[in-house]
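What follows is a short report on a single structure.
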Number of protein chains: 2
Amino acid sequence: MPVQTSPRAARSKIAALKNVATRLRIDSVRATSAAGSGHPTSCASAAEIVAALFFAEMQYDPRNPQNPDNDRFVLSKGHAAPVLYSAWAEVGFLKRDDLLTLRRFDSDLEGHPTPRLPFVDVATGSLGQGICAAVGIALNARRISSDYRTYCLLGDGESAEGSVWEAAEAAAHDKIDSLCGITDVNALGQSGPTQWQHDMEAYRSRWSAFGWHSLVVDGHDVTAILDAFDEARRTKGRPTMILARTLKGKGISIAEGKNGWHGKAFKPGAELDSVIKELESQVVPEEEPATPPSGPRPRRGGPSAPPAKATVGTPAYKPGDSVATREAYGTALAKLGADPRVVALDGDVKNSTFSEKFEEVHRDRFFENFIAEQVMIGSAMGLASRGAIPFPSTFAAFLTRAYDFIRMACISNLNVKIAGSHAGVSIGEDGPSQMALEDLAMMRAQPNMTVLYPCDAVSTERLVELMAYHPGPAYMRTSRPKTAVIYGADETFVIGGLKILRASDKDTVTVIGGGITVFEALKAYDQLQQIGVSIRVIDLYSLQPIDAQSLLTCARETKRIITVEDHYAAGGIGDAVASVIAGGGFTVQRLCVREIPRSGTPEELVDHYGISARHIVEAVQH
Amino acid sequence: MPVQTSPRAARSKIAALKNVATRLRIDSVRATSAAGSGHPTSCASAAEIVAALFFAEMQYDPRNPQNPDNDRFVLSKGHAAPVLYSAWAEVGFLKRDDLLTLRRFDSDLEGHPTPRLPFVDVATGSLGQGICAAVGIALNARRISSDYRTYCLLGDGESAEGSVWEAAEAAAHDKIDSLCGITDVNALGQSGPTQWQHDMEAYRSRWSAFGWHSLVVDGHDVTAILDAFDEARRTKGRPTMILARTLKGKGISIAEGKNGWHGKAFKPGAELDSVIKELESQVVPEEEPATPPSGPRPRRGGPSAPPAKATVGTPAYKPGDSVATREAYGTALAKLGADPRVVALDGDVKNSTFSEKFEEVHRDRFFENFIAEQVMIGSAMGLASRGAIPFPSTFAAFLTRAYDFIRMACISNLNVKIAGSHAGVSIGEDGPSQMALEDLAMMRAQPNMTVLYPCDAVSTERLVELMAYHPGPAYMRTSRPKTAVIYGADETFVIGGLKILRASDKDTVTVIGGGITVFEALKAYDQLQQIGVSIRVIDLYSLQPIDAQSLLTCARETKRIITVEDHYAAGGIGDAVASVIAGGGFTVQRLCVREIPRSGTPEELVDHYGISARHIVEAVQH
């Protein structure tokens, strides 16, 4: 009965699939004209591909888009959102009338797809990202022993994004034959013809060189598309890329194959009416109607038991031990691997971030992306969207390479748990290219990103566990140098908390540090004690959310607040504290790195750039 | 006399070149051991390539690395910095003894190369960037009608970075045959073997598919390397990639070809002595000594006249006109093109950013990168390093894709003038993926980045001119909606300035906006006037540097400060103002976007997310 289990059976439905494609065009045109904006011509080029996917190729439950064994579809060319929405209307999940709410404030049918919609795994619309997420979604099938397949529709224009080729390498390296990409080669970008226009061989040779099975089809020939999907399904040991030659605006003569129609809705009235009439005239007699599939493939070995949370247990450190937080991160991550949802991703620095500790014990859930941070985060987005708890990690400086992916992970509110090591000038001799001095700013800028910054091994372990199970995206900043363990193994921490390490009722200043500067603050405390000056010292291990109440209390009690951080002036600890104590009328004096640094020893740099104990003592006394 | 003009002549110097390579190894080993850290084995694999480049292939003035007609060399694998420094010692520009200051705070020989050194055009060390910069450096040769060639040495590991393939596409598309890449395929990454190890065909097929002439050589065979350079020089119409099969740690038996030696200096004492002794034993008898080249190729048509600054003249707007700042940006940019140093780069959105206005009049200095933001910024870095004033532009949201490049452009302090359009929720229906709400945070985080945010067409034009000639990196944020022209054509602006638009001695609050929120503040002013409440209104068109003095004066006069911005809470206008008025004991009340937004009309979104006139009025009255 379900047509999709036997692609051969679909052959009697070619006419019906053509009509589905026509209806997808009509609905996309109507929706964008109702909205007054959008990309109907980018939908029109993909209509046969999407019709074939939803009514003949993919195996899924059209009533439950989140069924874990459903084949997945990622619309990497997110601006063609209306064709996706139209497909879900066509299979009956959305009401056709709802399509006319496209792009409205009261509608979840946004201009580009977001996971507000249950059939969208990851937000798209920043090009070149969907295929990276699709890699992660396909990897997830292995994790849960599901046979679902992952399909990803790319635009030809986005093939210029380097991230697409990171995904290409990663998928070929991991031999992901459950992944099938389709590139809608409509030859026209936003502002003009694409780089390769209809040179299909330019595309084919690139994908083949990157280790994919690749083939060229007429993207408006339903039979050819079905044959290509057949071939992809039969191809083992490597992913397949179907390069579909299409026309932008296909079926709409005023726009078909013509430049200048990108991102333009047809004008209601005569223009729209004429387009709809033309499309309606393309309906053909049907032999047999197209029907949506009846459900996904059964899980191998049946459904798995609900996973249990893992714990880091009692950290095996005692006060006075000297351990880098990056190393404690790796130790904690390895322990959390007891939860089968936890996976780790690396960018060829696992021996520096210590994610190698996870690999040693959970090799099947460790994904090496080599030096490709975009697909590392993108793949983590895909994994997270399907229930995994991914921990991608690299040097914090190199997370800037993936900031657009992090931005989109936040728009999707995904459970991506990012760790960045080697923060700040305290890395020393390697110099500024390796120092993250803007990571707190870029992470805090995302309003739903949890931002953690432990200073010792115990707090690191506890916070890794907390971030794993805290909903939404999270970031942990770790440091290169070894630091003293200052917390007992039983100390407790919370997301949004802080620790007051030194306090008395004589304190005249609160000094707030994070990571390595906590130790500078403690040194300053000791020096100031000797001359009879009391300061309060805070370890601000959670920057976002932040414990505004405790900070305000300290501000009221000590009046003065000094922050000290191994980070540039904007967007870090100083700004985080300032923004929440402003309501009480309190301001912050900031010690931070105020210029581009250079190579040197960690001690030289921490002192030269003004964030050492000496500078804290001076600031307190000033 | 100069050996490099006749590669054939170099053949009698093969033995001498081998000895140069041996000395580069010895110097790299000595320097890293003296520093106690660094990457000697990554230097050793590249020694013959660098020796051949500096003593046989490249034409340049070894006494003046900044000669504009010198062949250029970009060390994309920046961690091999010691081999670069050793080469400049070998040609006599550096003192050999200075090499032993490597990585010291008092030395410019940093852990990774930076333009503190006159022979470094762009800082490297974040992998996959050097080749993007090399594209820009090579494009610059066309701009100045010079015949210099550009060489770029990549690591094999960094070939996994998508940015490398963006560069590959861009260079092939622009048919840059003056560009020659060399990939040092030593098969070992930081944490283990690279993805393709010594599968040279995997590399060759990828580069060939991307349109490069590509060839495989033994990277330790000087004759083969010279032949490959010959072939590259004779290859017209496309760039060449030489894939050099090498051994990491070549010549050092304890490390050669062995995993586990990445980023490790040899221990002074027995280990170092034995390595040096082994390398010294590799010196061979020389037929003829290697000599550095005598100078660059002469400029075609001789040296050009020093370029004159261009001006936007008097903006052709009058108060009350309605013009989007993005459009005024394009208009100004086209006028500035009168200066031959000004170039523009696009990522297939030139009709949205209006950089197409520049293309219309200066097609030869307009570079279309298609949808590839990393090479767009990287290429701009290269162009800027050679005297151009590049203006790359795209949607501000998509600049997040290139944040690592922007970070490195700031480390290099390059004259890259970035423009980001479509900022904030005021873009409306396209939804969050297209909205830049963290761009001010990421740009302000860089301490030497100038950050401008005009609200009307006149200020936009003036600020485009100012940013062009202000030294160092700069960013301009523009908006999608049309806004009223509020400044007269003769109004003057300065980097680091602001405009007080409304003021009286009865003001009880200063409201500070930027871009579209300036108009919300003006609306609020009018509404509040009607109920007898006076507010001061500021257009903060320069966020970094910022006019701290005027802000402090307003704070003293009105006591209360409210900021309103189409940006997330962290890192934008609120934080910028708060940090400079804190010294006076003043705090800021922030109106900003505090959650991930959704699609809707601009008006709906500006109001819903709390940054409209209504919210300003409420905040003032609260």
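By order in the structure tokens, chains are A, B, ...; within a chain, residues start at 1; ligands start at 1, following the order shown.
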6 Å contacts from chain B to chain A using only C-alpha atoms, as a ChimeraX atom specification
/B:103-105,110-111,125,158,160-163,165-166,191,205-206,209,348-349,351,371-372,400-401,403-404,429-431,433,438,442,445,447,570-571,582,587,595,599-600
Contact residues around B:Leu243 with only C-alpha atoms at 9 Å, ignoring same-chain residues under 2 positions, as a PDB file with N, CA, C and O atoms, in the first residue's frame:
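Output saved as part-v8.pdb:
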ATOM      1  N   ASP B 156      48.585  20.521   4.646  1.00  0.00           N
ATOM      2  CA  ASP B 156      47.567  19.584   4.149  1.00  0.00           C
ATOM      3  C   ASP B 156      46.353  19.561   5.076  1.00  0.00           C
ATOM      4  O   ASP B 156      45.215  19.491   4.619  1.00  0.00           O
ATOM      5  N   GLY B 181      49.869  28.088  -5.473  1.00  0.00           N
ATOM      6  CA  GLY B 181      49.817  27.499  -4.139  1.00  0.00           C
ATOM      7  C   GLY B 181      50.724  26.285  -4.065  1.00  0.00           C
ATOM      8  O   GLY B 181      51.007  25.636  -5.073  1.00  0.00           O
ATOM      9  N   ILE B 182      51.222  26.031  -2.884  1.00  0.00           N
ATOM     10  CA  ILE B 182      51.985  24.813  -2.627  1.00  0.00           C
ATOM     11  C   ILE B 182      51.395  24.191  -1.364  1.00  0.00           C
ATOM     12  O   ILE B 182      51.340  24.855  -0.330  1.00  0.00           O
ATOM     13  N   THR B 183      50.913  22.971  -1.444  1.00  0.00           N
ATOM     14  CA  THR B 183      50.418  22.301  -0.250  1.00  0.00           C
ATOM     15  C   THR B 183      51.491  21.333   0.253  1.00  0.00           C
ATOM     16  O   THR B 183      51.939  20.445  -0.477  1.00  0.00           O
ATOM     17  N   ASP B 184      51.881  21.558   1.485  1.00  0.00           N
ATOM     18  CA  ASP B 184      52.900  20.734   2.143  1.00  0.00           C
ATOM     19  C   ASP B 184      52.194  19.504   2.724  1.00  0.00           C
ATOM     20  O   ASP B 184      51.693  19.536   3.842  1.00  0.00           O
ATOM     21  N   VAL B 185      52.147  18.442   1.928  1.00  0.00           N
ATOM     22  CA  VAL B 185      51.382  17.255   2.324  1.00  0.00           C
ATOM     23  C   VAL B 185      52.271  16.354   3.181  1.00  0.00           C
ATOM     24  O   VAL B 185      52.888  15.403   2.685  1.00  0.00           O
ATOM     25  N   MET B 200      48.015  11.417  -2.556  1.00  0.00           N
ATOM     26  CA  MET B 200      48.233  12.652  -3.318  1.00  0.00           C
ATOM     27  C   MET B 200      47.140  12.868  -4.370  1.00  0.00           C
ATOM     28  O   MET B 200      46.788  14.002  -4.696  1.00  0.00           O
ATOM     29  N   TYR B 203      44.159  14.843  -3.220  1.00  0.00           N
ATOM     30  CA  TYR B 203      44.352  16.303  -3.300  1.00  0.00           C
ATOM     31  C   TYR B 203      44.284  16.780  -4.756  1.00  0.00           C
ATOM     32  O   TYR B 203      43.620  17.761  -5.070  1.00  0.00           O
ATOM     33  N   ARG B 204      45.023  16.063  -5.610  1.00  0.00           N
ATOM     34  CA  ARG B 204      45.118  16.529  -6.996  1.00  0.00           C
ATOM     35  C   ARG B 204      43.746  16.593  -7.656  1.00  0.00           C
ATOM     36  O   ARG B 204      43.395  17.564  -8.336  1.00  0.00           O
ATOM     37  N   SER B 214      46.959  21.435 -11.378  1.00  0.00           N
ATOM     38  CA  SER B 214      47.517  20.851 -10.162  1.00  0.00           C
ATOM     39  C   SER B 214      48.486  19.734 -10.512  1.00  0.00           C
ATOM     40  O   SER B 214      48.291  19.002 -11.475  1.00  0.00           O
ATOM     41  N   LEU B 215      49.550  19.653  -9.737  1.00  0.00           N
ATOM     42  CA  LEU B 215      50.546  18.617 -10.007  1.00  0.00           C
ATOM     43  C   LEU B 215      51.167  18.154  -8.696  1.00  0.00           C
ATOM     44  O   LEU B 215      51.195  18.897  -7.713  1.00  0.00           O
ATOM     45  N   VAL B 216      51.635  16.927  -8.725  1.00  0.00           N
ATOM     46  CA  VAL B 216      52.188  16.298  -7.530  1.00  0.00           C
ATOM     47  C   VAL B 216      53.698  16.204  -7.681  1.00  0.00           C
ATOM     48  O   VAL B 216      54.204  15.824  -8.739  1.00  0.00           O
ATOM     49  N   VAL B 217      54.418  16.599  -6.610  1.00  0.00           N
ATOM     50  CA  VAL B 217      55.882  16.465  -6.648  1.00  0.00           C
ATOM     51  C   VAL B 217      56.377  15.896  -5.322  1.00  0.00           C
ATOM     52  O   VAL B 217      55.658  15.900  -4.318  1.00  0.00           O
ATOM     53  N   ASP B 218      57.600  15.437  -5.355  1.00  0.00           N
ATOM     54  CA  ASP B 218      58.290  15.071  -4.121  1.00  0.00           C
ATOM     55  C   ASP B 218      58.776  16.380  -3.492  1.00  0.00           C
ATOM     56  O   ASP B 218      59.636  17.068  -4.040  1.00  0.00           O
ATOM     57  N   GLY B 219      58.215  16.722  -2.369  1.00  0.00           N
ATOM     58  CA  GLY B 219      58.492  18.016  -1.750  1.00  0.00           C
ATOM     59  C   GLY B 219      59.872  18.110  -1.126  1.00  0.00           C
ATOM     60  O   GLY B 219      60.215  19.164  -0.550  1.00  0.00           O
ATOM     61  N   MET B 241      48.273  24.686  -8.325  1.00  0.00           N
ATOM     62  CA  MET B 241      48.513  24.142  -6.988  1.00  0.00           C
ATOM     63  C   MET B 241      49.541  23.023  -7.101  1.00  0.00           C
ATOM     64  O   MET B 241      49.307  22.024  -7.798  1.00  0.00           O
ATOM     65  N   ARG B 245      54.561  16.130  -1.758  1.00  0.00           N
ATOM     66  CA  ARG B 245      54.583  15.021  -0.793  1.00  0.00           C
ATOM     67  C   ARG B 245      55.821  15.185   0.083  1.00  0.00           C
ATOM     68  O   ARG B 245      56.950  15.228  -0.407  1.00  0.00           O
TER      69      ARG B 245
END
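The residue that comes closest to B:Ala524, out of B:Ile486, B:Leu414, B:Ala613, B:Val577 and on the basis of only C-alpha atoms, is B:Ala613.
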Find the residues around B:Arg477 up to 8 Å (only C-alpha atoms counted), leave out those fewer than 4 positions away in its own chain, and share them as a PyMOL selection string.
chain B and resi 396+419-421+423+451-454
Got a sec to tell me which of stretch 210-428 of chain A DSSP assigns to strand (DSSP E or B), as a compact mmCIF listing (two decimals) with N, CA and C atoms, in the first residue's frame?
# COMPACT_ATOMS: atom_id res chain seq x y z
N HIS A 213 29.12 9.90 -4.76
CA HIS A 213 28.49 9.46 -5.99
C HIS A 213 27.67 10.64 -6.48
N SER A 214 27.90 11.05 -7.71
CA SER A 214 27.16 12.22 -8.19
C SER A 214 26.60 11.96 -9.57
N LEU A 215 25.43 12.46 -9.80
CA LEU A 215 24.80 12.25 -11.10
C LEU A 215 23.95 13.46 -11.47
N VAL A 216 23.80 13.63 -12.75
CA VAL A 216 23.09 14.80 -13.28
C VAL A 216 21.74 14.35 -13.82
N VAL A 217 20.69 15.08 -13.46
CA VAL A 217 19.36 14.77 -14.00
C VAL A 217 18.65 16.04 -14.43
N ASP A 218 17.61 15.85 -15.21
CA ASP A 218 16.71 16.96 -15.52
C ASP A 218 15.79 17.11 -14.31
N THR A 240 25.40 10.39 -1.86
CA THR A 240 25.08 10.70 -3.26
C THR A 240 24.63 12.15 -3.39
N MET A 241 25.09 12.79 -4.44
CA MET A 241 24.61 14.13 -4.77
C MET A 241 23.93 14.08 -6.13
N ILE A 242 22.66 14.41 -6.14
CA ILE A 242 21.90 14.50 -7.39
C ILE A 242 21.93 15.95 -7.85
N LEU A 243 22.48 16.15 -9.03
CA LEU A 243 22.59 17.51 -9.56
C LEU A 243 21.45 17.70 -10.55
N ALA A 244 20.48 18.48 -10.14
CA ALA A 244 19.25 18.61 -10.91
C ALA A 244 19.28 19.90 -11.70
N ARG A 245 19.28 19.73 -13.03
CA ARG A 245 19.24 20.92 -13.90
C ARG A 245 17.80 21.42 -13.92
N SER A 322 46.73 20.70 40.83
CA SER A 322 46.88 21.65 39.73
C SER A 322 46.44 20.98 38.43
N VAL A 323 45.35 21.46 37.88
CA VAL A 323 44.73 20.81 36.70
C VAL A 323 44.18 21.90 35.78
N ALA A 324 44.47 21.80 34.49
CA ALA A 324 43.88 22.76 33.54
C ALA A 324 42.39 22.47 33.39
N VAL A 342 25.03 11.43 24.47
CA VAL A 342 26.18 12.33 24.45
C VAL A 342 27.16 11.90 23.36
N VAL A 343 27.50 12.84 22.49
CA VAL A 343 28.50 12.60 21.44
C VAL A 343 29.50 13.74 21.47
N ALA A 344 30.69 13.51 20.93
CA ALA A 344 31.72 14.56 20.90
C ALA A 344 32.20 14.77 19.48
N LEU A 345 32.51 16.01 19.17
CA LEU A 345 33.01 16.34 17.83
C LEU A 345 34.29 17.17 17.98
N ASP A 346 35.25 16.90 17.10
CA ASP A 346 36.56 17.53 17.21
C ASP A 346 36.97 18.14 15.88
N PHE A 366 32.36 9.47 18.74
CA PHE A 366 33.33 10.56 18.60
C PHE A 366 33.51 10.83 17.11
N PHE A 367 33.29 12.09 16.70
CA PHE A 367 33.35 12.41 15.28
C PHE A 367 34.49 13.39 15.03
N GLU A 368 35.46 12.94 14.26
CA GLU A 368 36.61 13.78 13.91
C GLU A 368 36.29 14.54 12.64
N ILE A 389 23.05 14.78 22.37
CA ILE A 389 23.59 15.91 23.14
C ILE A 389 25.04 16.07 22.71
N PRO A 390 25.26 16.84 21.64
CA PRO A 390 26.61 16.92 21.07
C PRO A 390 27.49 17.97 21.77
N PHE A 391 28.72 17.61 21.97
CA PHE A 391 29.75 18.51 22.53
C PHE A 391 30.83 18.73 21.47
N PRO A 392 30.68 19.72 20.62
CA PRO A 392 31.79 20.07 19.73
C PRO A 392 32.80 20.94 20.48
N SER A 393 34.06 20.71 20.25
CA SER A 393 35.06 21.53 20.94
C SER A 393 36.27 21.80 20.06
N THR A 394 36.84 22.96 20.26
CA THR A 394 38.10 23.34 19.61
C THR A 394 38.67 24.50 20.42
N PHE A 395 39.78 25.08 19.93
CA PHE A 395 40.25 26.31 20.53
C PHE A 395 39.12 27.35 20.45
N LYS A 417 26.30 21.85 22.78
CA LYS A 417 27.11 22.17 23.95
C LYS A 417 28.54 22.39 23.50
N ILE A 418 28.89 23.64 23.36
CA ILE A 418 30.16 24.01 22.73
C ILE A 418 31.22 24.27 23.80
N ALA A 419 32.42 23.76 23.57
CA ALA A 419 33.51 24.07 24.48
C ALA A 419 34.65 24.69 23.70
N GLY A 420 35.17 25.80 24.23
CA GLY A 420 36.29 26.48 23.60
C GLY A 420 37.45 26.57 24.58
N SER A 421 38.58 26.04 24.19
CA SER A 421 39.74 26.03 25.09
C SER A 421 40.72 27.13 24.69
N ALA A 423 41.56 30.03 26.01
CA ALA A 423 41.02 31.39 26.02
C ALA A 423 42.07 32.38 26.51
Considering only helix (DSSP H, G or I) as DSSP defines it on the backbone, what residues of stretch 197-264 of chain A qualify? List them as a list in words.
Met200, Glu201, Ala202, Tyr203, Arg204, Ser205, Arg206, Trp207, Ser208, Ala209, Val222, Thr223, Ala224, Ile225, Leu226, Asp227, Ala228, Phe229, Asp230, Glu231, Ala232, Arg233 and Arg234 of chain A
Need to verify the contact set: B:Ile252, 9 Å, only C-alpha atoms, exclusion of same-chain residues closer than 6 positions in sequence. Can you return it as a PyMOL selection string?
chain B and resi 41+44+275-276+278-279
Restricting it to N, CA and C atoms, dump the selection as a compact mmCIF listing (two decimals), in the first residue's frame.
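Writing done, so here's part34.txt:
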# COMPACT_ATOMS: atom_id res chain seq x y z
N THR B 41 58.85 20.48 13.50
CA THR B 41 58.63 19.42 12.49
C THR B 41 57.78 19.92 11.33
N ALA B 44 60.27 21.60 9.14
CA ALA B 44 61.18 20.68 8.45
C ALA B 44 60.56 20.14 7.17
N VAL B 275 69.84 16.27 17.37
CA VAL B 275 69.09 16.69 16.18
C VAL B 275 69.95 17.62 15.31
N ILE B 276 70.60 18.58 15.95
CA ILE B 276 71.43 19.52 15.19
C ILE B 276 72.58 18.78 14.50
N GLU B 278 72.67 15.71 13.55
CA GLU B 278 72.13 14.94 12.43
C GLU B 278 71.87 15.84 11.22
N LEU B 279 71.29 17.01 11.48
CA LEU B 279 71.00 17.93 10.38
C LEU B 279 72.29 18.45 9.76
Got a sec: who's within 8 Å of stretch 136-147 of chain A, counting only C-alpha atoms, leaving out chain neighbours fewer than 2 positions off, as number ranges by chain?
A: 69, 72, 132-134, 149-150, 176, 178-179, 297-300, 304, 365, 378-383, 385-386, 388
All residues 12 Å or closer to A:Trp88, only C-alpha atoms, same chain fewer than 2 positions away omitted, as number ranges by chain:
A: 20, 23-24, 27-28, 50-51, 53-55, 60-65, 73, 81-86, 90-96, 98-99, 109, 117-120, 292
